[in-house]
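**Student:** So here's target13.cif, just mmCIF, C-alpha atoms:
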```cif
data_protein
#
loop_
_atom_site.group_PDB
_atom_site.id
_atom_site.type_symbol
_atom_site.label_atom_id
_atom_site.label_comp_id
_atom_site.auth_asym_id
_atom_site.auth_seq_id
_atom_site.Cartn_x
_atom_site.Cartn_y
_atom_site.Cartn_z
ATOM 1 C CA MET K 571 237.165 142.966 181.809
ATOM 2 C CA LYS K 572 238.988 144.355 184.846
ATOM 3 C CA ILE K 573 241.384 147.118 183.817
ATOM 4 C CA GLY K 574 243.994 148.944 185.873
ATOM 5 C CA ILE K 575 245.119 152.440 184.926
ATOM 6 C CA THR K 576 248.360 153.231 186.733
ATOM 7 C CA GLY K 577 251.394 155.475 186.425
ATOM 8 C CA THR K 578 253.392 158.122 188.174
ATOM 9 C CA PRO K 579 251.293 160.844 189.832
ATOM 10 C CA GLY K 580 250.496 163.612 187.353
ATOM 11 C CA VAL K 581 250.486 161.556 184.141
ATOM 12 C CA GLY K 582 246.714 161.873 183.660
ATOM 13 C CA LYS K 583 245.327 158.615 185.044
ATOM 14 C CA THR K 584 242.120 160.072 186.443
ATOM 15 C CA ILE K 585 241.165 162.003 183.303
ATOM 16 C CA VAL K 586 241.807 158.975 181.060
ATOM 17 C CA SER K 587 240.088 156.576 183.495
ATOM 18 C CA LYS K 588 236.943 158.705 183.722
ATOM 19 C CA LYS K 589 236.670 159.098 179.956
ATOM 20 C CA LEU K 590 237.346 155.403 179.310
ATOM 21 C CA ALA K 591 234.816 154.264 181.931
ATOM 22 C CA LYS K 592 232.167 156.561 180.498
ATOM 23 C CA GLN K 593 232.776 155.500 176.882
ATOM 24 C CA MET K 594 232.888 151.790 177.687
ATOM 25 C CA LYS K 595 230.096 151.993 180.286
ATOM 26 C CA TYR K 596 232.372 150.424 182.927
ATOM 27 C CA ARG K 597 232.288 151.082 186.651
ATOM 28 C CA LEU K 598 235.097 153.406 187.725
ATOM 29 C CA VAL K 599 236.840 152.719 191.034
ATOM 30 C CA GLU K 600 238.987 155.609 192.228
ATOM 31 C CA LEU K 601 241.220 153.531 194.466
ATOM 32 C CA ASN K 602 243.057 156.468 196.058
ATOM 33 C CA LYS K 603 239.757 157.817 197.409
ATOM 34 C CA ASP K 604 238.759 154.366 198.670
ATOM 35 C CA VAL K 605 242.120 153.988 200.440
ATOM 36 C CA LYS K 606 241.165 156.979 202.584
ATOM 37 C CA THR K 607 237.429 156.369 203.058
ATOM 38 C CA LYS K 608 237.722 152.616 203.661
ATOM 39 C CA LYS K 609 240.950 152.910 205.692
ATOM 40 C CA LEU K 610 243.025 150.663 203.418
ATOM 41 C CA TYR K 611 246.245 152.022 204.883
ATOM 42 C CA ASP K 612 248.606 151.296 207.759
ATOM 43 C CA SER K 613 249.571 154.831 208.728
ATOM 44 C CA TYR K 614 250.060 158.398 207.558
ATOM 45 C CA ASP K 615 253.518 159.663 206.580
ATOM 46 C CA LYS K 616 253.611 163.278 207.818
ATOM 47 C CA LYS K 617 256.875 164.102 206.055
ATOM 48 C CA ARG K 618 255.643 162.924 202.629
ATOM 49 C CA LYS K 619 252.028 163.930 203.369
ATOM 50 C CA CYS K 620 250.527 160.661 202.207
ATOM 51 C CA PHE K 621 249.005 157.430 203.491
ATOM 52 C CA VAL K 622 251.129 154.288 203.706
ATOM 53 C CA VAL K 623 248.919 151.817 201.869
ATOM 54 C CA ASP K 624 248.487 148.205 202.913
ATOM 55 C CA VAL K 625 248.649 146.205 199.648
ATOM 56 C CA LYS K 626 246.978 143.199 201.262
ATOM 57 C CA LYS K 627 244.030 145.365 202.316
ATOM 58 C CA ILE K 628 243.565 146.850 198.845
ATOM 59 C CA ASN K 629 243.699 143.370 197.314
ATOM 60 C CA ARG K 630 241.041 142.099 199.756
ATOM 61 C CA TYR K 631 238.935 145.148 198.870
ATOM 62 C CA PHE K 632 239.446 144.525 195.134
ATOM 63 C CA LYS K 633 238.340 140.874 195.446
ATOM 64 C CA LYS K 634 234.990 142.078 196.814
ATOM 65 C CA ILE K 635 234.253 144.069 193.642
ATOM 66 C CA GLU K 636 231.754 141.885 191.840
ATOM 67 C CA GLU K 637 231.372 143.790 188.571
ATOM 68 C CA LYS K 638 233.112 142.157 185.641
ATOM 69 C CA ASN K 639 233.586 145.433 183.797
ATOM 70 C CA VAL K 640 235.558 147.784 185.992
ATOM 71 C CA ILE K 641 238.370 150.306 185.656
ATOM 72 C CA ILE K 642 240.659 150.880 188.634
ATOM 73 C CA ASP K 643 242.248 154.345 188.665
ATOM 74 C CA SER K 644 245.315 154.652 190.901
ATOM 75 C CA HIS K 645 249.086 154.747 190.913
ATOM 76 C CA LEU K 646 248.623 151.569 192.987
ATOM 77 C CA SER K 647 246.337 149.638 190.637
ATOM 78 C CA HIS K 648 249.240 147.590 189.248
ATOM 79 C CA THR K 649 249.603 145.966 192.707
ATOM 80 C CA LEU K 650 246.155 144.368 192.405
ATOM 81 C CA ILE K 651 245.903 140.662 191.666
ATOM 82 C CA GLY K 652 243.364 139.621 189.039
ATOM 83 C CA LEU K 653 243.398 142.475 186.539
ATOM 84 C CA ASP K 654 242.965 141.489 182.889
ATOM 85 C CA LYS K 655 244.983 144.409 181.522
ATOM 86 C CA ILE K 656 247.133 147.094 183.091
ATOM 87 C CA PHE K 657 247.849 150.362 181.342
ATOM 88 C CA VAL K 658 250.835 152.299 182.645
ATOM 89 C CA LEU K 659 250.331 155.889 181.574
ATOM 90 C CA ARG K 660 253.613 157.635 180.907
ATOM 91 C CA CYS K 661 254.512 161.286 180.353
ATOM 92 C CA ARG K 662 257.671 162.957 179.118
ATOM 93 C CA PRO K 663 259.454 164.106 182.279
ATOM 94 C CA ASN K 664 259.747 167.764 181.223
ATOM 95 C CA ILE K 665 255.960 167.907 180.709
ATOM 96 C CA LEU K 666 255.293 165.946 183.900
ATOM 97 C CA GLU K 667 257.390 168.445 185.843
ATOM 98 C CA LYS K 668 255.222 171.317 184.548
ATOM 99 C CA ARG K 669 252.047 169.413 185.507
ATOM 100 C CA LEU K 670 253.283 168.787 189.049
ATOM 101 C CA HIS K 671 254.358 172.427 189.486
ATOM 102 C CA LYS K 672 250.880 173.469 188.335
ATOM 103 C CA LYS K 673 249.433 171.229 191.099
ATOM 104 C CA ARG K 674 251.707 173.100 193.533
ATOM 105 C CA TRP K 675 253.580 170.034 194.681
ATOM 106 C CA ASN K 676 256.701 170.612 196.767
ATOM 107 C CA LYS K 677 260.155 170.246 195.202
ATOM 108 C CA GLU K 678 260.937 166.959 196.963
ATOM 109 C CA LYS K 679 257.729 165.245 195.775
ATOM 110 C CA ILE K 680 258.282 166.545 192.250
ATOM 111 C CA ARG K 681 261.855 165.256 192.232
ATOM 112 C CA GLU K 682 260.763 161.877 193.602
ATOM 113 C CA ASN K 683 258.036 161.447 190.983
ATOM 114 C CA LEU K 684 260.211 162.635 188.083
ATOM 115 C CA GLU K 685 262.845 160.126 189.108
ATOM 116 C CA ALA K 686 260.218 157.360 189.186
ATOM 117 C CA GLU K 687 259.067 158.348 185.683
ATOM 118 C CA TYR K 688 262.617 158.511 184.289
ATOM 119 C CA ILE K 689 263.483 155.031 185.514
ATOM 120 C CA SER K 690 260.094 153.514 184.562
ATOM 121 C CA LEU K 691 259.513 152.421 188.154
ATOM 122 C CA ILE K 692 255.773 151.742 187.961
ATOM 123 C CA SER K 693 256.091 150.061 184.573
ATOM 124 C CA TRP K 694 258.834 147.808 185.959
ATOM 125 C CA GLU K 695 256.825 147.008 189.111
ATOM 126 C CA ALA K 696 253.731 146.195 187.037
ATOM 127 C CA ARG K 697 255.708 143.798 184.850
ATOM 128 C CA GLN K 698 257.076 141.986 187.910
ATOM 129 C CA MET K 699 253.521 141.141 188.995
ATOM 130 C CA ASN K 700 251.505 140.887 185.768
ATOM 131 C CA LYS K 701 251.664 139.706 182.149
ATOM 132 C CA ASN K 702 249.271 142.022 180.320
ATOM 133 C CA VAL K 703 251.013 145.341 180.904
ATOM 134 C CA TYR K 704 251.068 148.125 178.319
ATOM 135 C CA ASP K 705 252.982 151.411 178.462
ATOM 136 C CA VAL K 706 250.950 154.235 176.914
ATOM 137 C CA ASP K 707 252.416 157.694 176.328
ATOM 138 C CA ASN K 708 250.003 160.291 177.711
ATOM 139 C CA THR K 709 252.184 163.328 177.002
ATOM 140 C CA GLY K 710 249.742 164.358 174.271
ATOM 141 C CA SER K 711 246.104 163.376 173.973
ATOM 142 C CA LYS K 712 246.201 159.995 172.217
ATOM 143 C CA ALA K 713 246.252 157.702 175.258
ATOM 144 C CA LEU K 714 242.504 157.051 175.301
ATOM 145 C CA ASN K 715 242.453 155.930 171.656
ATOM 146 C CA THR K 716 245.578 153.826 172.172
ATOM 147 C CA ILE K 717 244.020 152.046 175.154
ATOM 148 C CA LYS K 718 240.843 151.309 173.188
ATOM 149 C CA GLN K 719 242.952 149.867 170.329
ATOM 150 C CA ILE K 720 244.752 147.584 172.774
ATOM 151 C CA ILE K 721 241.485 146.454 174.380
ATOM 152 C CA ASN K 722 240.207 145.627 170.886
ATOM 153 C CA GLY K 723 243.275 143.452 170.219
ATOM 154 C CA ARG K 724 245.386 145.834 168.134
ATOM 155 C CA GLY K 725 248.179 146.860 170.466
ATOM 156 C CA ASN K 726 251.020 144.400 171.002
ATOM 157 C CA LYS K 727 253.575 147.068 170.072
ATOM 158 C CA TYR K 728 252.643 148.807 173.341
ATOM 159 C CA LYS K 729 253.916 145.882 175.426
ATOM 160 C CA LYS K 730 257.377 147.471 175.226
ATOM 161 C CA GLN K 731 258.462 149.724 178.042
ATOM 162 C CA ILE K 732 258.861 153.399 177.207
ATOM 163 C CA ASN K 733 262.402 154.567 177.896
ATOM 164 C CA TRP K 734 262.866 158.304 178.482
ATOM 165 C CA MET K 735 266.638 157.954 178.786
#
```
Mind turning the file's structure into structure tokens?
**Tutor:**
Amino acid sequence: MKIGITGTPGVGKTIVSKKLAKQMKYRLVELNKDVKTKKLYDSYDKKRKCFVVDVKKINRYFKKIEEKNVIIDSHLSHTLIGLDKIFVLRCRPNILEKRLHKKRWNKEKIRENLEAEYISLISWEARQMNKNVYDVDNTGSKALNTIKQIINGRGNKYKKQINWM
């Protein structure tokens, strides 16, 4: 199974992805690292201090991954074609704000990411491109168990989008 773990920066994708990959004995692909090392970007945005990713390049890269059991960790994983399941990790905005402050993000990036979380941007984008999309609340520590339930066929209630409004 090819699984994407996505969500707004700061929701806990990497922690959940690493634990899930280890428990399921799946290969973990940290797509954000590969974007940099394999130059899967068009340019660098100095103002926002981030790479401008080329979605076609990351999809070509993804097609070359031959393992059948893989977890893709990235806020971009929902843009990949061919994933079996996509988990959009979500976090209550007030908690997300504290996490981003702890990472010492600047005010503009925090505001931008909180806005994306409030309006369910990544969840909406994922649903425009894929069928098997599940919103999973990662405010607490139950996301890993929830994801495993869904993988084992007990999670249709998670197909609904989480609405923080």
**Student:** Tell me which protein, DNA and RNA residues are within 10 Å of stretch 628-643 of chain K, counting only C-alpha atoms, leaving out same-chain ones fewer than 2 positions away, and put them as a PyMOL selection string.
**Tutor:** chain K and resi 571-577+583-588+590-591+594-605+608-611+623-626+645-653+655-656
**Student:** Would you please work out which residue, of K:Lys701, K:Arg660, K:His671, K:Lys616, is nearest to K:Trp734 when using only C-alpha atoms?
**Tutor:**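 Smallest distance to K:Trp734 is found for K:Arg660.
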**Student:** Rank nothing, just name the residue among K:Asn702, K:Ser644, K:Lys677, K:Thr709 nearest to K:Gly723, using only C-alpha atoms.
**Tutor:**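 Checking each candidate against K:Gly723, we get K:Asn702 as the closest.
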**Student:** For the file shown, what are the residues hit by the PyMOL selection byres ((chain K and resi 711) around 12), laid out as a list of chain:residue names?
**Tutor:**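 On this input, the PyMOL selection byres ((chain K and resi 711) around 12) captures K:Val581, K:Gly582, K:Ile585, K:Val586, K:Lys589, K:Leu659, K:Arg660, K:Cys661, K:Val706, K:Asp707, K:Asn708, K:Thr709, K:Gly710, K:Lys712, K:Ala713, K:Leu714, K:Asn715, K:Thr716, K:Ile717.
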**Student:** Quick one: residues within 12 Å of K:Ile680, all atoms listed in the file, excluding same-chain residues fewer than 5 positions away - as a PyMOL selection string?
**Tutor:** chain K and resi 578-580+618+663-675+685-687
**Student:** In Å, rounded to a single decimal, give me how far atom CA of K:Val658 is from atom CA of K:Tyr704.
**Tutor:**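 These two atoms are separated by 6.0 Å.
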**Student:** When you look at K:Trp694 with a cut-off of 10 Å (counting all atoms listed in the file), what residues show up, excluding the ones that are within fewer than 3 positions of it in the same chain? I need them as a VMD selection string.
**Tutor:** chain K and resid 658 689 to 691 697 to 699 703 731
**Student:** Please, what distance in Å, to one decimal, runs between atom CA of K:Phe657 and atom CA of K:Lys718?
**Tutor:**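 The value is 10.8 Å.
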**Student:** Which value, in Å to one decimal, gives the distance between atom CA of K:Asn733 and atom CA of K:Asp654?
**Tutor:**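 These two atoms are separated by 24.0 Å.
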